[in-house]
Every structure is written in structure tokens, then in C-alpha cells.
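Student: Before I ask anything, here is the structure I am working with.
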Amino acid sequence: MEILGNEHCTIIHGDALEALQTLPDGSVDLIFADPPYNIGKSFHGQKDKWPSEEAYLQWCYQWLDLCIQKIKPNGSFYVMTATQFMPFFDLYLRNRLFILSRIIWYYDSSGVQARKYFGSRYEPILFCVKDKNNYTFNANDILVEAKTGARRKLIDYRKPIPTIYNSEKVPGNVWEFPRVRYRMDEYENHPTQKPVALMERIIKASSNVGDLVLDPFSGAFTTAFVAQKLGRRSISIELQEEYVKIGLRRLQLATEYKGQKLLKPVRSFETEKNLYQSALKLFD
């Protein structure tokens, strides 16, 4: 296990179960956990697949218990998994935490997802707390447009003095954010990268400046990237060295790692663009 970074942005290169045990209990304000889904994706050559569903769930229950131990008494826990496993997470966590919201992250898809059944275009998220009467929720920091009031200007006649509906509101539990695509500026070479906008909503809502945010499966390091941007501290755990290098570069913690310069790979369309621009210069 290797510890990198600094007191503001710490990266632990190692196994999540081992790394979580090294952290003090009751020390983290917010945890966002986006584990492997056991659906066969390849994470830099390592398959996201357990011998059985039971084996996957037993592994999940171990790190879920560890995460619960690390959360402060007034802390929050957001957790994701595949749609087929979320019912098991829900039943397990409802006996250990208070589940305040069952969130649907919805996204559209331009490709054909299924021909013989209804394809999946969402991922579930549980929002849990230890104390339902004492937790951080910065409603004013995440307001969205309330179309009834902002666009239609309808009047609420149920009030003693009829008033136009509010133009802003706290988001409901269905969130529409596009998935990270290859041509997007935030894109990193990771198969399950989460959007910056998604993490901004979670971190703004459930933490304050200076708070400690933990991501036990950091991947493309979007959680830590957004936490840094918003003035929060972060601890990121990641098993794969290739993704650790993404984190070091993205968080501006290092320019080299083991003698290798940390540069964002040039994408194919950027190469084509550079070639085109170079050709134009020949005719200037």
C-alpha cells in the first residue's frame, strides 16, 4: 500500500478493504462509493466479475461496514451499484443507517442498448446518514429551476395571499446528467467515469468547505477533483496504478510518477485537428 499526495488531497494506492481499515473511525464527513458492479467491465485488464453474486455481495458488505465505521456521527454516505444489486444494498443499509433518498441518475443514449428487452439508462444511488436529525444538507447550494414558477408563472391560490410559485427548488430524486463521452473535456481513460456535474451536486449538498470527502473506489478521481475545486479535503483509494496516475495528474499532485511524465493522452480527434492546423500553416 502506497500513500501519495498531501494533507489536502491524499491518494492511497492499494486495496479498498485494507486501506479503509487504516483510517480512523468517525473521521469522514462524506463518503461517495462507486464500486465495481460485477458486470464484466475491464478495468485496465482486470475483469469486474466475481465467481458468484453471493461472493460479490459478501465483498460489498465488508467495505460497506468499513465505510459506516469511518463516517462521522453527522456524516453522509452516497453509494452506487448496478440496478440488480441495489435491492441487496438497500436492505443491508436500512438496518444500519437512515436512507433519506433513493436517487436515479438518468442519462440518454444515442446507441441501441437492447433489442429484446428494455435497456437500462439509469444508475441508482442511495443517500444515507447516521443521524436523521443531524446531518449536512446545503439546500441553497444545489437549487435548480422550478419550471412552474420560472417559466409558466402560475399562481398558487391555496395560499392566504395568492403567490407565484417559486422559480427555484431543491432537485428531486431523478437527476439527468449526460454520461462522460470521449469528446468531452473532462474525459479520462476509465470505463465508468462519473460526470463532474453529478459529483458537484453531491459534494455541495452534503459537505462544507474544509470537510473530508472519501472515495474508496476512485477510478478517474472525479470525486477528489470536484472536492479540491470546492475547497474540501479528500482521501482517494485506488487499486489500479494506471488510475492512480490519472489522479496524480488530475489533482496536480505530481508531474511524474516512477520516472514517467504524467500527461493526458492525446485523443484521436485532437491528433486529426493538430494535423489539420499544421497543414494550414504550410499554406500561410
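Here's how to read the names in the C-alpha cells: chain A, B, ... by the order shown, residue numbers from 1 in each chain, ligand numbers from 1 in the order shown.
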What parts of stretch 1-191 of chain A does DSSP call strand (DSSP E or B)? I'd like the answer as JSON, numbers by chain.
Tutor: {"A": [2, 3, 4, 5, 9, 10, 11, 12, 13, 28, 29, 30, 31, 32, 33, 42, 43, 46, 47, 71, 72, 73, 74, 75, 76, 77, 78, 79, 80, 98, 99, 100, 101, 102, 103, 104, 105, 106, 122, 123, 124, 125, 126, 127, 128, 129, 144, 145, 155, 156, 163, 164, 168, 169, 174, 175, 176]}
Student: Can I get the residues of stretch 209-282 of chain A within 12 Å of stretch 46-56 of chain A, each with the closest pair of atoms and their distance in Å to one decimal, using only C-alpha atoms, sorted chain first then ascending number, as a Markdown table?
Tutor:
| residue | atom | partner | partner_atom | distance |
| --- | --- | --- | --- | --- |
| A:Leu239 | CA | A:Gln46 | CA | 10.5 |
| A:Gln240 | CA | A:Gln46 | CA | 8.9 |
| A:Glu241 | CA | A:Gln46 | CA | 11.8 |
| A:Glu242 | CA | A:Gln46 | CA | 11.7 |
Student: Take atom CA of A:Phe127 and atom CA of A:Phe43 and report the distance between them in Å, one decimal.
Tutor: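 Atom CA of A:Phe43 lies at a distance of 26.0 Å from atom CA of A:Phe127.
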Student: For A:Glu186, which residue among A:Asn133, A:Ile246, A:Gly40, A:Phe88 is the nearest when counting only C-alpha atoms?
Tutor: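 Nearest to A:Glu186: A:Ile246.
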Student: What does the distance from atom CA of A:Asp25 to atom CA of A:Tyr61 come to in Å, to one decimal?
Tutor: 17.1 Å
Student: Nearest to A:Leu93 among A:His8, A:Lys130, A:Lys41, A:Lys229, with distances taken over only C-alpha atoms: which residue is it?
Tutor: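 Closest candidate: A:Lys130.
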Student: Which residues, written as a PyMOL selection string, have at least one atom at most 9 Å from A:Glu200, with only C-alpha atoms counted and residues fewer than 2 positions away on the same chain left out?
Tutor: chain A and resi 142+195-198+202-205+223+226-227+230
Student: Return the single residue from A:Tyr165, A:Tyr107, A:Phe225, A:Tyr92 that is closest to A:Leu57, with distances computed using only C-alpha atoms.
Tutor: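 Nearest candidate to A:Leu57 out of A:Tyr165, A:Tyr107, A:Phe225, A:Tyr92: A:Tyr92.
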Student: Using only C-alpha atoms, which protein or nucleic acid residues come within 12 Å of A:Met184? Drop anything in the same chain fewer than 6 positions from it, and give the result as number ranges by chain.
Tutor: A: 178, 193, 195-196, 267, 269-270
Student: Compare A:Gly259, A:Glu7, A:Glu123, A:Pro171 by their minimum atom-to-atom distance to A:Gly210, counting only C-alpha atoms, and give me the closest one.
Tutor: A:Glu7
Student: Using only C-alpha atoms, which protein or nucleic acid residues come within 12 Å of stretch 11-19 of chain A? Drop anything in the same chain fewer than 6 positions from it, and give the result as an MDAnalysis selection string.
Tutor: chainID A and resid 1:5 33:36 59:67 70 213:219 221 223:225 233:251 253:254
Student: Please provide the set of residues having any atom within 7 Å of A:Leu143, restricted to only C-alpha atoms, with same-chain residues fewer than 4 positions apart removed, written as a list in words.
Tutor: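 Near A:Leu143, the qualifying residues are Ala139, Glu168, Lys169, Val170 and Pro171 of chain A.
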Student: Go ahead and write the residues just picked, N, CA and C atoms, as a CSV table (one decimal), in the first residue's frame.
Tutor:
chain,number,residue,atom,x,y,z
A,139,ALA,N,-29.1,23.0,1.0
A,139,ALA,CA,-30.2,23.0,0.0
A,139,ALA,C,-30.0,24.2,-0.9
A,168,GLU,N,-37.2,28.5,-8.1
A,168,GLU,CA,-36.1,27.6,-7.8
A,168,GLU,C,-36.6,26.5,-6.8
A,169,LYS,N,-36.0,25.4,-6.8
A,169,LYS,CA,-36.3,24.3,-5.9
A,169,LYS,C,-35.2,23.4,-5.7
A,170,VAL,N,-35.2,22.6,-4.6
A,170,VAL,CA,-34.3,21.5,-4.4
A,170,VAL,C,-34.5,20.4,-5.4
A,171,PRO,N,-33.5,19.9,-6.0
A,171,PRO,CA,-33.8,18.8,-7.0
A,171,PRO,C,-34.6,17.6,-6.4
Student: With only C-alpha atoms as the basis for distance, which of A:Arg158, A:Phe85, A:Lys147, A:Asn95 is at the shortest distance from A:Ile125?
Tutor: A:Phe85
Student: Please provide the set of residues having any atom within 7 Å of stretch 26-31 of chain A, restricted to only C-alpha atoms, with same-chain residues fewer than 2 positions apart removed, written as a compact mmCIF listing (two decimals) with C-alpha atoms, in the first residue's frame.
Tutor:
# COMPACT_ATOMS: atom_id res chain seq x y z
CA PRO A 24 -9.67 6.47 11.95
CA ALA A 33 -18.68 4.92 -3.11
CA GLN A 69 -17.38 2.95 10.71
CA LYS A 70 -15.43 5.80 9.11
CA ILE A 71 -18.36 8.24 8.80
CA LYS A 72 -18.73 10.92 11.46
CA PRO A 73 -21.92 10.85 13.59
CA GLY A 75 -21.79 12.43 8.18
CA SER A 76 -23.35 11.26 4.91
CA PHE A 77 -22.86 8.24 2.67
CA TYR A 78 -23.75 8.04 -1.04
CA SER A 206 -23.57 17.06 1.81
CA SER A 207 -20.30 18.71 2.82
CA ASP A 211 -14.69 18.87 5.23
CA LEU A 212 -13.14 15.49 4.47
CA VAL A 213 -14.52 13.54 1.50
CA LEU A 214 -13.64 9.87 0.98
CA ASP A 215 -13.89 7.84 -2.23
Student: One decimal, in Å: what's the spacing between atom CA of A:Arg151 and atom CA of A:Trp175?
Tutor: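 Taking atom CA of A:Arg151 as the start and atom CA of A:Trp175 as the end point, the length is 19.8 Å.
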Student: Which one of A:Asn74, A:Thr22, A:Asn189, A:Ser109 sits closest to A:Phe177 if you count only C-alpha atoms?
Tutor: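 Answer, going by the shortest atom-to-atom distance: A:Ser109.
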Student: Taking the chain letters and numbering used in this document, name the residues of stretch 9-115 of chain A that DSSP puts in alpha helix (DSSP H), as a compact mmCIF listing (two decimals) with C-alpha atoms, in the first residue's frame.
Tutor:
# COMPACT_ATOMS: atom_id res chain seq x y z
CA ALA A 16 -10.03 -0.77 -0.55
CA LEU A 17 -10.63 -3.25 2.27
CA GLU A 18 -7.07 -2.90 3.53
CA ALA A 19 -6.91 0.87 3.07
CA LEU A 20 -10.22 1.55 4.80
CA GLN A 21 -9.01 -0.25 7.92
CA GLU A 53 -23.38 -13.00 -6.99
CA GLU A 54 -23.10 -14.20 -3.40
CA ALA A 55 -19.32 -13.69 -3.45
CA TYR A 56 -19.76 -10.17 -4.83
CA LEU A 57 -22.29 -9.24 -2.17
CA GLN A 58 -20.18 -10.64 0.64
CA TRP A 59 -17.28 -8.47 -0.56
CA CYS A 60 -19.59 -5.45 -0.74
CA TYR A 61 -20.92 -5.99 2.77
CA GLN A 62 -17.33 -5.88 4.07
CA TRP A 63 -16.49 -2.49 2.61
CA LEU A 64 -19.95 -1.11 3.38
CA ASP A 65 -19.40 -1.94 7.07
CA LEU A 66 -15.98 -0.30 7.00
CA CYS A 67 -17.38 2.84 5.36
CA ILE A 68 -20.08 3.09 8.02
CA GLN A 69 -17.38 2.95 10.71
CA LYS A 70 -15.43 5.80 9.11
CA MET A 86 -29.08 -2.21 -5.35
CA PRO A 87 -32.02 -4.01 -3.64
CA PHE A 88 -29.49 -6.01 -1.61
CA PHE A 89 -27.60 -2.81 -0.70
CA ASP A 90 -30.86 -1.15 0.29
CA LEU A 91 -31.94 -3.99 2.58
CA TYR A 92 -28.48 -4.22 4.13
CA LEU A 93 -28.03 -0.50 4.77
